[in-house]
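Structure file query.cif (mmCIF, N, CA, C and O atoms) follows.
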data_run
#
loop_
_atom_site.label_atom_id
_atom_site.label_comp_id
_atom_site.auth_asym_id
_atom_site.auth_seq_id
_atom_site.Cartn_x
_atom_site.Cartn_y
_atom_site.Cartn_z
N PHE A 1 132.18 224.71 -2.95
CA PHE A 1 130.77 224.81 -2.66
C PHE A 1 130.42 226.28 -2.49
O PHE A 1 130.96 226.95 -1.64
N THR A 2 129.55 226.78 -3.32
CA THR A 2 129.16 228.18 -3.26
C THR A 2 127.65 228.29 -3.33
O THR A 2 127.01 227.58 -4.09
N ARG A 3 127.11 229.17 -2.53
CA ARG A 3 125.67 229.46 -2.57
C ARG A 3 125.49 230.93 -2.88
O ARG A 3 126.29 231.76 -2.48
N ALA A 4 124.40 231.22 -3.58
CA ALA A 4 124.09 232.62 -3.87
C ALA A 4 123.42 233.24 -2.65
O ALA A 4 122.42 232.71 -2.15
N LEU A 5 123.98 234.31 -2.15
CA LEU A 5 123.44 235.02 -1.01
C LEU A 5 123.31 236.49 -1.35
O LEU A 5 124.05 236.99 -2.20
N PRO A 6 122.41 237.18 -0.69
CA PRO A 6 122.28 238.62 -0.95
C PRO A 6 123.59 239.35 -0.65
O PRO A 6 124.36 238.94 0.22
N ALA A 7 123.82 240.43 -1.38
CA ALA A 7 125.03 241.23 -1.17
C ALA A 7 125.11 241.69 0.28
O ALA A 7 124.12 242.13 0.85
N GLY A 8 126.27 241.54 0.89
CA GLY A 8 126.46 241.96 2.28
C GLY A 8 126.05 240.93 3.31
O GLY A 8 126.26 241.13 4.49
N ALA A 9 125.47 239.81 2.87
CA ALA A 9 125.02 238.80 3.82
C ALA A 9 126.18 238.04 4.44
O ALA A 9 126.11 237.60 5.58
N VAL A 10 127.24 237.87 3.70
CA VAL A 10 128.40 237.12 4.18
C VAL A 10 129.49 238.10 4.60
O VAL A 10 129.93 238.92 3.82
N GLN A 11 129.90 238.02 5.85
CA GLN A 11 130.95 238.88 6.36
C GLN A 11 132.23 238.11 6.70
O GLN A 11 133.28 238.69 6.85
N VAL A 12 132.10 236.77 6.83
CA VAL A 12 133.24 235.94 7.20
C VAL A 12 133.23 234.70 6.31
O VAL A 12 132.19 234.07 6.13
N LEU A 13 134.38 234.36 5.75
CA LEU A 13 134.53 233.14 4.98
C LEU A 13 135.45 232.20 5.74
O LEU A 13 136.55 232.59 6.14
N VAL A 14 135.01 230.97 5.93
CA VAL A 14 135.82 229.97 6.62
C VAL A 14 136.14 228.88 5.61
O VAL A 14 135.25 228.26 5.05
N ASP A 15 137.42 228.65 5.39
CA ASP A 15 137.87 227.61 4.48
C ASP A 15 138.44 226.46 5.32
O ASP A 15 139.53 226.58 5.87
N VAL A 16 137.67 225.38 5.42
CA VAL A 16 138.10 224.28 6.28
C VAL A 16 139.26 223.49 5.68
O VAL A 16 140.00 222.84 6.40
N GLU A 17 139.42 223.56 4.37
CA GLU A 17 140.53 222.85 3.74
C GLU A 17 141.86 223.52 4.04
O GLU A 17 142.85 222.85 4.33
N THR A 18 141.91 224.83 3.96
CA THR A 18 143.16 225.55 4.22
C THR A 18 143.26 226.03 5.66
O THR A 18 144.28 226.59 6.06
N LYS A 19 142.18 225.82 6.43
CA LYS A 19 142.14 226.23 7.85
C LYS A 19 142.36 227.73 8.00
O LYS A 19 143.14 228.18 8.83
N THR A 20 141.66 228.50 7.16
CA THR A 20 141.78 229.95 7.22
C THR A 20 140.42 230.60 7.41
O THR A 20 139.39 230.03 7.04
N ILE A 21 140.44 231.78 7.97
CA ILE A 21 139.25 232.60 8.15
C ILE A 21 139.53 233.94 7.50
O ILE A 21 140.56 234.57 7.78
N GLN A 22 138.63 234.38 6.63
CA GLN A 22 138.79 235.66 5.96
C GLN A 22 137.65 236.57 6.36
O GLN A 22 136.47 236.21 6.22
N PHE A 23 137.99 237.74 6.88
CA PHE A 23 136.98 238.73 7.28
C PHE A 23 136.77 239.70 6.12
O PHE A 23 137.68 240.43 5.75
N LEU A 24 135.58 239.69 5.54
CA LEU A 24 135.28 240.61 4.45
C LEU A 24 135.05 242.02 4.97
O LEU A 24 135.25 242.99 4.26
N ASP A 25 134.63 242.11 6.21
CA ASP A 25 134.47 243.40 6.88
C ASP A 25 135.41 243.39 8.08
O ASP A 25 135.12 242.77 9.10
N PRO A 26 136.57 244.01 7.99
CA PRO A 26 137.57 243.96 9.06
C PRO A 26 137.07 244.46 10.41
O PRO A 26 137.61 244.09 11.44
N SER A 27 136.03 245.26 10.41
CA SER A 27 135.53 245.80 11.68
C SER A 27 134.89 244.74 12.56
O SER A 27 134.72 244.95 13.76
N ILE A 28 134.54 243.57 11.99
CA ILE A 28 133.93 242.53 12.83
C ILE A 28 134.95 241.57 13.42
O ILE A 28 134.62 240.78 14.30
N ALA A 29 136.20 241.64 12.99
CA ALA A 29 137.23 240.74 13.51
C ALA A 29 137.35 240.78 15.03
O ALA A 29 137.41 239.72 15.67
N PRO A 30 137.34 241.95 15.67
CA PRO A 30 137.43 241.98 17.13
C PRO A 30 136.25 241.29 17.83
O PRO A 30 136.39 240.78 18.93
N LEU A 31 135.11 241.25 17.17
CA LEU A 31 133.94 240.60 17.76
C LEU A 31 134.09 239.09 17.83
O LEU A 31 133.42 238.42 18.59
N LEU A 32 134.99 238.55 17.01
CA LEU A 32 135.16 237.10 16.94
C LEU A 32 136.40 236.59 17.64
O LEU A 32 136.76 235.43 17.49
N THR A 33 137.06 237.44 18.41
CA THR A 33 138.22 236.97 19.17
C THR A 33 137.75 236.15 20.37
O THR A 33 136.67 236.38 20.90
N LEU A 34 138.55 235.20 20.76
CA LEU A 34 138.20 234.35 21.89
C LEU A 34 138.32 235.12 23.21
O LEU A 34 139.28 235.85 23.42
N THR A 35 137.35 234.89 24.07
CA THR A 35 137.41 235.47 25.41
C THR A 35 138.26 234.58 26.29
O THR A 35 138.63 233.46 25.90
N ALA A 36 138.56 235.03 27.48
CA ALA A 36 139.31 234.21 28.43
C ALA A 36 138.54 232.92 28.72
O ALA A 36 139.13 231.84 28.82
N ALA A 37 137.21 233.02 28.85
CA ALA A 37 136.40 231.83 29.10
C ALA A 37 136.46 230.86 27.92
O ALA A 37 136.51 229.64 28.12
N ASP A 38 136.47 231.39 26.69
CA ASP A 38 136.59 230.54 25.51
C ASP A 38 137.92 229.80 25.50
O ASP A 38 137.99 228.60 25.23
N ARG A 39 139.00 230.53 25.79
CA ARG A 39 140.33 229.91 25.81
C ARG A 39 140.43 228.85 26.90
O ARG A 39 141.04 227.80 26.70
N THR A 40 139.81 229.10 28.04
CA THR A 40 139.79 228.11 29.13
C THR A 40 139.04 226.87 28.69
O THR A 40 139.50 225.74 28.94
N PHE A 41 137.90 227.05 28.03
CA PHE A 41 137.11 225.92 27.53
C PHE A 41 137.93 225.08 26.56
O PHE A 41 138.03 223.86 26.70
N VAL A 42 138.54 225.73 25.57
CA VAL A 42 139.34 225.01 24.57
C VAL A 42 140.51 224.30 25.24
O VAL A 42 140.81 223.14 24.93
N GLY A 43 141.16 224.96 26.17
CA GLY A 43 142.28 224.35 26.89
C GLY A 43 141.87 223.11 27.66
O GLY A 43 142.58 222.10 27.65
N SER A 44 140.71 223.17 28.31
CA SER A 44 140.25 222.01 29.09
C SER A 44 139.88 220.84 28.17
O SER A 44 140.13 219.69 28.50
N VAL A 45 139.29 221.15 27.02
CA VAL A 45 138.95 220.09 26.06
C VAL A 45 140.23 219.45 25.54
O VAL A 45 140.35 218.22 25.49
N MET A 46 141.20 220.28 25.16
CA MET A 46 142.46 219.75 24.63
C MET A 46 143.18 218.89 25.67
O MET A 46 143.71 217.82 25.35
N LYS A 47 143.18 219.33 26.92
CA LYS A 47 143.84 218.58 27.99
C LYS A 47 143.16 217.22 28.18
O LYS A 47 143.84 216.19 28.32
N ALA A 48 141.83 217.20 28.16
CA ALA A 48 141.10 215.94 28.33
C ALA A 48 141.36 214.99 27.17
O ALA A 48 141.51 213.78 27.37
N VAL A 49 141.43 215.51 25.96
CA VAL A 49 141.69 214.68 24.78
C VAL A 49 143.10 214.09 24.85
O VAL A 49 143.30 212.91 24.60
N GLN A 50 144.08 214.92 25.22
CA GLN A 50 145.45 214.42 25.33
C GLN A 50 145.56 213.33 26.40
O GLN A 50 146.24 212.32 26.20
N LYS A 51 144.87 213.52 27.51
CA LYS A 51 144.88 212.52 28.58
C LYS A 51 144.21 211.23 28.09
O LYS A 51 144.70 210.13 28.34
N HIS A 52 143.11 211.38 27.35
CA HIS A 52 142.39 210.20 26.83
C HIS A 52 143.25 209.44 25.82
O HIS A 52 143.23 208.22 25.78
N GLU A 53 144.00 210.18 24.99
CA GLU A 53 144.86 209.54 23.99
C GLU A 53 145.95 208.70 24.64
O GLU A 53 146.37 207.70 24.09
N THR A 54 146.37 209.10 25.82
CA THR A 54 147.45 208.35 26.49
C THR A 54 146.94 207.07 27.13
O THR A 54 147.60 206.04 27.05
N ASN A 55 145.78 207.12 27.77
CA ASN A 55 145.33 205.91 28.48
C ASN A 55 144.13 205.22 27.86
O ASN A 55 143.77 204.13 28.28
N GLN A 56 143.47 205.85 26.88
CA GLN A 56 142.34 205.25 26.15
C GLN A 56 141.23 204.72 27.06
O GLN A 56 140.52 203.80 26.70
N ALA A 57 141.12 205.24 28.24
CA ALA A 57 140.10 204.75 29.16
C ALA A 57 139.15 205.88 29.53
O ALA A 57 139.55 207.04 29.62
N GLY A 58 137.93 205.54 29.77
CA GLY A 58 136.97 206.50 30.28
C GLY A 58 136.25 207.30 29.21
O GLY A 58 136.58 207.28 28.03
N TRP A 59 135.25 208.01 29.66
CA TRP A 59 134.38 208.81 28.81
C TRP A 59 135.02 210.16 28.52
O TRP A 59 135.02 210.63 27.38
N GLU A 60 135.58 210.80 29.55
CA GLU A 60 136.14 212.14 29.37
C GLU A 60 137.30 212.12 28.39
O GLU A 60 138.25 211.36 28.55
N GLY A 61 137.20 212.96 27.35
CA GLY A 61 138.23 213.03 26.33
C GLY A 61 137.92 212.21 25.09
O GLY A 61 138.59 212.35 24.08
N SER A 62 136.90 211.36 25.17
CA SER A 62 136.53 210.55 24.00
C SER A 62 135.88 211.43 22.94
O SER A 62 135.49 212.57 23.19
N GLU A 63 135.74 210.92 21.73
CA GLU A 63 135.13 211.69 20.65
C GLU A 63 133.71 212.10 21.01
O GLU A 63 133.31 213.25 20.79
N ALA A 64 132.94 211.19 21.58
CA ALA A 64 131.57 211.51 21.99
C ALA A 64 131.55 212.59 23.06
O ALA A 64 130.70 213.48 23.05
N TRP A 65 132.50 212.53 23.98
CA TRP A 65 132.60 213.55 25.04
C TRP A 65 132.89 214.92 24.44
O TRP A 65 132.27 215.92 24.81
N VAL A 66 133.84 214.97 23.47
CA VAL A 66 134.19 216.25 22.83
C VAL A 66 132.98 216.82 22.11
O VAL A 66 132.67 218.00 22.22
N ARG A 67 132.26 215.96 21.39
CA ARG A 67 131.06 216.42 20.69
C ARG A 67 130.04 216.99 21.67
O ARG A 67 129.43 218.02 21.42
N ARG A 68 129.88 216.34 22.80
CA ARG A 68 128.93 216.81 23.81
C ARG A 68 129.36 218.16 24.39
O ARG A 68 128.54 219.04 24.63
N GLN A 69 130.67 218.33 24.60
CA GLN A 69 131.17 219.60 25.14
C GLN A 69 130.87 220.75 24.18
O GLN A 69 130.42 221.82 24.60
N PHE A 70 131.10 220.53 22.88
CA PHE A 70 130.84 221.58 21.91
C PHE A 70 129.34 221.82 21.73
O PHE A 70 128.92 222.95 21.49
N GLN A 71 128.54 220.77 21.86
CA GLN A 71 127.08 220.95 21.81
C GLN A 71 126.64 221.85 22.95
O GLN A 71 125.86 222.79 22.74
N ARG A 72 127.13 221.59 24.15
CA ARG A 72 126.79 222.44 25.30
C ARG A 72 127.28 223.86 25.10
O ARG A 72 126.57 224.83 25.40
N TYR A 73 128.50 224.01 24.58
CA TYR A 73 129.07 225.33 24.34
C TYR A 73 128.21 226.13 23.36
O TYR A 73 127.88 227.29 23.60
N LEU A 74 127.81 225.49 22.26
CA LEU A 74 126.99 226.19 21.26
C LEU A 74 125.59 226.51 21.78
O LEU A 74 125.05 227.56 21.46
N CYS A 75 125.02 225.63 22.59
CA CYS A 75 123.72 225.92 23.19
C CYS A 75 123.81 227.12 24.12
O CYS A 75 122.93 227.99 24.11
N CYS A 76 124.86 227.18 24.91
CA CYS A 76 125.06 228.33 25.80
C CYS A 76 125.29 229.61 25.00
O CYS A 76 124.77 230.66 25.35
N LEU A 77 126.04 229.51 23.92
CA LEU A 77 126.28 230.67 23.06
C LEU A 77 124.97 231.19 22.47
O LEU A 77 124.69 232.38 22.50
N CYS A 78 124.15 230.28 21.95
CA CYS A 78 122.85 230.69 21.39
C CYS A 78 121.96 231.31 22.46
O CYS A 78 121.27 232.30 22.20
N GLY A 79 121.98 230.75 23.65
CA GLY A 79 121.19 231.31 24.74
C GLY A 79 121.64 232.72 25.09
O GLY A 79 120.82 233.61 25.30
N ALA A 80 122.95 232.92 25.12
CA ALA A 80 123.48 234.25 25.43
C ALA A 80 123.14 235.24 24.32
O ALA A 80 122.75 236.38 24.59
N LEU A 81 123.26 234.81 23.08
CA LEU A 81 122.94 235.68 21.96
C LEU A 81 121.47 236.05 21.92
O LEU A 81 121.11 237.18 21.58
N SER A 82 120.61 235.10 22.27
CA SER A 82 119.17 235.37 22.19
C SER A 82 118.73 236.41 23.22
O SER A 82 117.68 237.01 23.07
N SER A 83 119.55 236.64 24.23
CA SER A 83 119.19 237.65 25.24
C SER A 83 119.58 239.06 24.81
O SER A 83 119.18 240.03 25.44
N LEU A 84 120.35 239.16 23.72
CA LEU A 84 120.73 240.48 23.22
C LEU A 84 119.59 241.07 22.39
O LEU A 84 118.99 240.37 21.59
N PRO A 85 119.29 242.34 22.56
CA PRO A 85 118.20 242.94 21.80
C PRO A 85 118.53 243.02 20.31
O PRO A 85 119.65 243.33 19.92
N ASN A 86 117.57 242.69 19.49
CA ASN A 86 117.64 242.81 18.03
C ASN A 86 118.73 241.95 17.38
O ASN A 86 119.14 242.23 16.26
N ILE A 87 119.19 240.91 18.03
CA ILE A 87 120.30 240.12 17.47
C ILE A 87 119.85 239.27 16.30
O ILE A 87 120.61 239.04 15.37
N PHE A 88 118.61 238.81 16.30
CA PHE A 88 118.15 237.93 15.22
C PHE A 88 117.17 238.62 14.28
O PHE A 88 116.38 237.98 13.63
N GLN A 89 117.23 239.92 14.18
CA GLN A 89 116.30 240.62 13.28
C GLN A 89 116.98 240.99 11.99
O GLN A 89 118.11 241.21 11.87
#

Using the file provided, produce a representation of the structure as structure tokens.
Amino acid sequence: FTRALPAGAVQVLVDVETKTIQFLDPSIAPLLTLTAADRTFVGSVMKAVQKHETNQAGWEGSEAWVRRQFQRYLCCLCGALSSLPNIFQ
């Protein structure tokens, strides 16, 4: 799947089939590293999913719960980004 975009518009390519990320501009790679808070979030989600897989009970760790966690994470990310000057210009 390829779309025509203006030159320079794409800086990162994500291939979900091969599970790889390619940085076309290496200088942006450090901007996309996970913070300690990000790693804590991912760890807590993984722990809840593993617990849910063992006992299959409850809401926490279910597919719907995981989707909700990432929805909240992305909403918070967008909120944080929107507070940065000139981020969406």

I need the residues in chain A that are helix (DSSP H, G or I) according to DSSP; give them as a compact mmCIF listing (two decimals) with N, CA, C and O atoms, in the frame of the given file.
# COMPACT_ATOMS: atom_id res chain seq x y z
N PRO A 26 136.57 244.01 7.99
CA PRO A 26 137.57 243.96 9.06
C PRO A 26 137.07 244.46 10.41
O PRO A 26 137.61 244.09 11.44
N SER A 27 136.03 245.26 10.41
CA SER A 27 135.53 245.80 11.68
C SER A 27 134.89 244.74 12.56
O SER A 27 134.72 244.95 13.76
N ILE A 28 134.54 243.57 11.99
CA ILE A 28 133.93 242.53 12.83
C ILE A 28 134.95 241.57 13.42
O ILE A 28 134.62 240.78 14.30
N ALA A 29 136.20 241.64 12.99
CA ALA A 29 137.23 240.74 13.51
C ALA A 29 137.35 240.78 15.03
O ALA A 29 137.41 239.72 15.67
N PRO A 30 137.34 241.95 15.67
CA PRO A 30 137.43 241.98 17.13
C PRO A 30 136.25 241.29 17.83
O PRO A 30 136.39 240.78 18.93
N LEU A 31 135.11 241.25 17.17
CA LEU A 31 133.94 240.60 17.76
C LEU A 31 134.09 239.09 17.83
O LEU A 31 133.42 238.42 18.59
N LEU A 32 134.99 238.55 17.01
CA LEU A 32 135.16 237.10 16.94
C LEU A 32 136.40 236.59 17.64
O LEU A 32 136.76 235.43 17.49
N ALA A 36 138.56 235.03 27.48
CA ALA A 36 139.31 234.21 28.43
C ALA A 36 138.54 232.92 28.72
O ALA A 36 139.13 231.84 28.82
N ALA A 37 137.21 233.02 28.85
CA ALA A 37 136.40 231.83 29.10
C ALA A 37 136.46 230.86 27.92
O ALA A 37 136.51 229.64 28.12
N ASP A 38 136.47 231.39 26.69
CA ASP A 38 136.59 230.54 25.51
C ASP A 38 137.92 229.80 25.50
O ASP A 38 137.99 228.60 25.23
N ARG A 39 139.00 230.53 25.79
CA ARG A 39 140.33 229.91 25.81
C ARG A 39 140.43 228.85 26.90
O ARG A 39 141.04 227.80 26.70
N THR A 40 139.81 229.10 28.04
CA THR A 40 139.79 228.11 29.13
C THR A 40 139.04 226.87 28.69
O THR A 40 139.50 225.74 28.94
N PHE A 41 137.90 227.05 28.03
CA PHE A 41 137.11 225.92 27.53
C PHE A 41 137.93 225.08 26.56
O PHE A 41 138.03 223.86 26.70
N VAL A 42 138.54 225.73 25.57
CA VAL A 42 139.34 225.01 24.57
C VAL A 42 140.51 224.30 25.24
O VAL A 42 140.81 223.14 24.93
N GLY A 43 141.16 224.96 26.17
CA GLY A 43 142.28 224.35 26.89
C GLY A 43 141.87 223.11 27.66
O GLY A 43 142.58 222.10 27.65
N SER A 44 140.71 223.17 28.31
CA SER A 44 140.25 222.01 29.09
C SER A 44 139.88 220.84 28.17
O SER A 44 140.13 219.69 28.50
N VAL A 45 139.29 221.15 27.02
CA VAL A 45 138.95 220.09 26.06
C VAL A 45 140.23 219.45 25.54
O VAL A 45 140.35 218.22 25.49
N MET A 46 141.20 220.28 25.16
CA MET A 46 142.46 219.75 24.63
C MET A 46 143.18 218.89 25.67
O MET A 46 143.71 217.82 25.35
N LYS A 47 143.18 219.33 26.92
CA LYS A 47 143.84 218.58 27.99
C LYS A 47 143.16 217.22 28.18
O LYS A 47 143.84 216.19 28.32
N ALA A 48 141.83 217.20 28.16
CA ALA A 48 141.10 215.94 28.33
C ALA A 48 141.36 214.99 27.17
O ALA A 48 141.51 213.78 27.37
N VAL A 49 141.43 215.51 25.96
CA VAL A 49 141.69 214.68 24.78
C VAL A 49 143.10 214.09 24.85
O VAL A 49 143.30 212.91 24.60
N GLN A 50 144.08 214.92 25.22
CA GLN A 50 145.45 214.42 25.33
C GLN A 50 145.56 213.33 26.40
O GLN A 50 146.24 212.32 26.20
N LYS A 51 144.87 213.52 27.51
CA LYS A 51 144.88 212.52 28.58
C LYS A 51 144.21 211.23 28.09
O LYS A 51 144.70 210.13 28.34
N HIS A 52 143.11 211.38 27.35
CA HIS A 52 142.39 210.20 26.83
C HIS A 52 143.25 209.44 25.82
O HIS A 52 143.23 208.22 25.78
N GLU A 53 144.00 210.18 24.99
CA GLU A 53 144.86 209.54 23.99
C GLU A 53 145.95 208.70 24.64
O GLU A 53 146.37 207.70 24.09
N THR A 54 146.37 209.10 25.82
CA THR A 54 147.45 208.35 26.49
C THR A 54 146.94 207.07 27.13
O THR A 54 147.60 206.04 27.05
N ASN A 55 145.78 207.12 27.77
CA ASN A 55 145.33 205.91 28.48
C ASN A 55 144.13 205.22 27.86
O ASN A 55 143.77 204.13 28.28
N GLU A 63 135.74 210.92 21.73
CA GLU A 63 135.13 211.69 20.65
C GLU A 63 133.71 212.10 21.01
O GLU A 63 133.31 213.25 20.79
N ALA A 64 132.94 211.19 21.58
CA ALA A 64 131.57 211.51 21.99
C ALA A 64 131.55 212.59 23.06
O ALA A 64 130.70 213.48 23.05
N TRP A 65 132.50 212.53 23.98
CA TRP A 65 132.60 213.55 25.04
C TRP A 65 132.89 214.92 24.44
O TRP A 65 132.27 215.92 24.81
N VAL A 66 133.84 214.97 23.47
CA VAL A 66 134.19 216.25 22.83
C VAL A 66 132.98 216.82 22.11
O VAL A 66 132.67 218.00 22.22
N ARG A 67 132.26 215.96 21.39
CA ARG A 67 131.06 216.42 20.69
C ARG A 67 130.04 216.99 21.67
O ARG A 67 129.43 218.02 21.42
N ARG A 68 129.88 216.34 22.80
CA ARG A 68 128.93 216.81 23.81
C ARG A 68 129.36 218.16 24.39
O ARG A 68 128.54 219.04 24.63
N GLN A 69 130.67 218.33 24.60
CA GLN A 69 131.17 219.60 25.14
C GLN A 69 130.87 220.75 24.18
O GLN A 69 130.42 221.82 24.60
N PHE A 70 131.10 220.53 22.88
CA PHE A 70 130.84 221.58 21.91
C PHE A 70 129.34 221.82 21.73
O PHE A 70 128.92 222.95 21.49
N GLN A 71 128.54 220.77 21.86
CA GLN A 71 127.08 220.95 21.81
C GLN A 71 126.64 221.85 22.95
O GLN A 71 125.86 222.79 22.74
N ARG A 72 127.13 221.59 24.15
CA ARG A 72 126.79 222.44 25.30
C ARG A 72 127.28 223.86 25.10
O ARG A 72 126.57 224.83 25.40
N TYR A 73 128.50 224.01 24.58
CA TYR A 73 129.07 225.33 24.34
C TYR A 73 128.21 226.13 23.36
O TYR A 73 127.88 227.29 23.60
N LEU A 74 127.81 225.49 22.26
CA LEU A 74 126.99 226.19 21.26
C LEU A 74 125.59 226.51 21.78
O LEU A 74 125.05 227.56 21.46
N CYS A 75 125.02 225.63 22.59
CA CYS A 75 123.72 225.92 23.19
C CYS A 75 123.81 227.12 24.12
O CYS A 75 122.93 227.99 24.11
N CYS A 76 124.86 227.18 24.91
CA CYS A 76 125.06 228.33 25.80
C CYS A 76 125.29 229.61 25.00
O CYS A 76 124.77 230.66 25.35
N LEU A 77 126.04 229.51 23.92
CA LEU A 77 126.28 230.67 23.06
C LEU A 77 124.97 231.19 22.47
O LEU A 77 124.69 232.38 22.50
N CYS A 78 124.15 230.28 21.95
CA CYS A 78 122.85 230.69 21.39
C CYS A 78 121.96 231.31 22.46
O CYS A 78 121.27 232.30 22.20
N GLY A 79 121.98 230.75 23.65
CA GLY A 79 121.19 231.31 24.74
C GLY A 79 121.64 232.72 25.09
O GLY A 79 120.82 233.61 25.30
N ALA A 80 122.95 232.92 25.12
CA ALA A 80 123.48 234.25 25.43
C ALA A 80 123.14 235.24 24.32
O ALA A 80 122.75 236.38 24.59
N LEU A 81 123.26 234.81 23.08
CA LEU A 81 122.94 235.68 21.96
C LEU A 81 121.47 236.05 21.92
O LEU A 81 121.11 237.18 21.58
N SER A 82 120.61 235.10 22.27
CA SER A 82 119.17 235.37 22.19
C SER A 82 118.73 236.41 23.22
O SER A 82 117.68 237.01 23.07

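Of note, CA of Ala64 in chain A and atom O of His52 in chain A are spaced 12.7 Å apart.
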
Out of A:Ala37, A:Val66, A:Ala57, A:Val12, which residue has the shortest atom-to-atom distance to Asp25 in chain A when counting only N, CA, C and O atoms?
A:Val12

Just the number, please: distance in Å from atom O of Glu60 in chain A to CA of Val45 in chain A, one decimal.
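Result for atom O of Glu60 in chain A versus CA of Val45 in chain A: 9.1 Å, one decimal.
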
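When atom C of Trp65 in chain A is paired with atom O of Leu32 in chain A, their separation reads 22.0 Å.
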
For the PyMOL selection byres (((chain A and resi 13 and name CA) around 8) and name CA), applied here, can you spell out every residue it catches as an NGL selection string?
:A and (10-12 or 14-15 or 21-24)

Could you write out as a ChimeraX atom specification the residues that the PyMOL selection byres (((chain A and resi 46 and name CA) around 12) and name CA) matches in the shown file?
/A:39-45,47-53,60-63,65-66,69
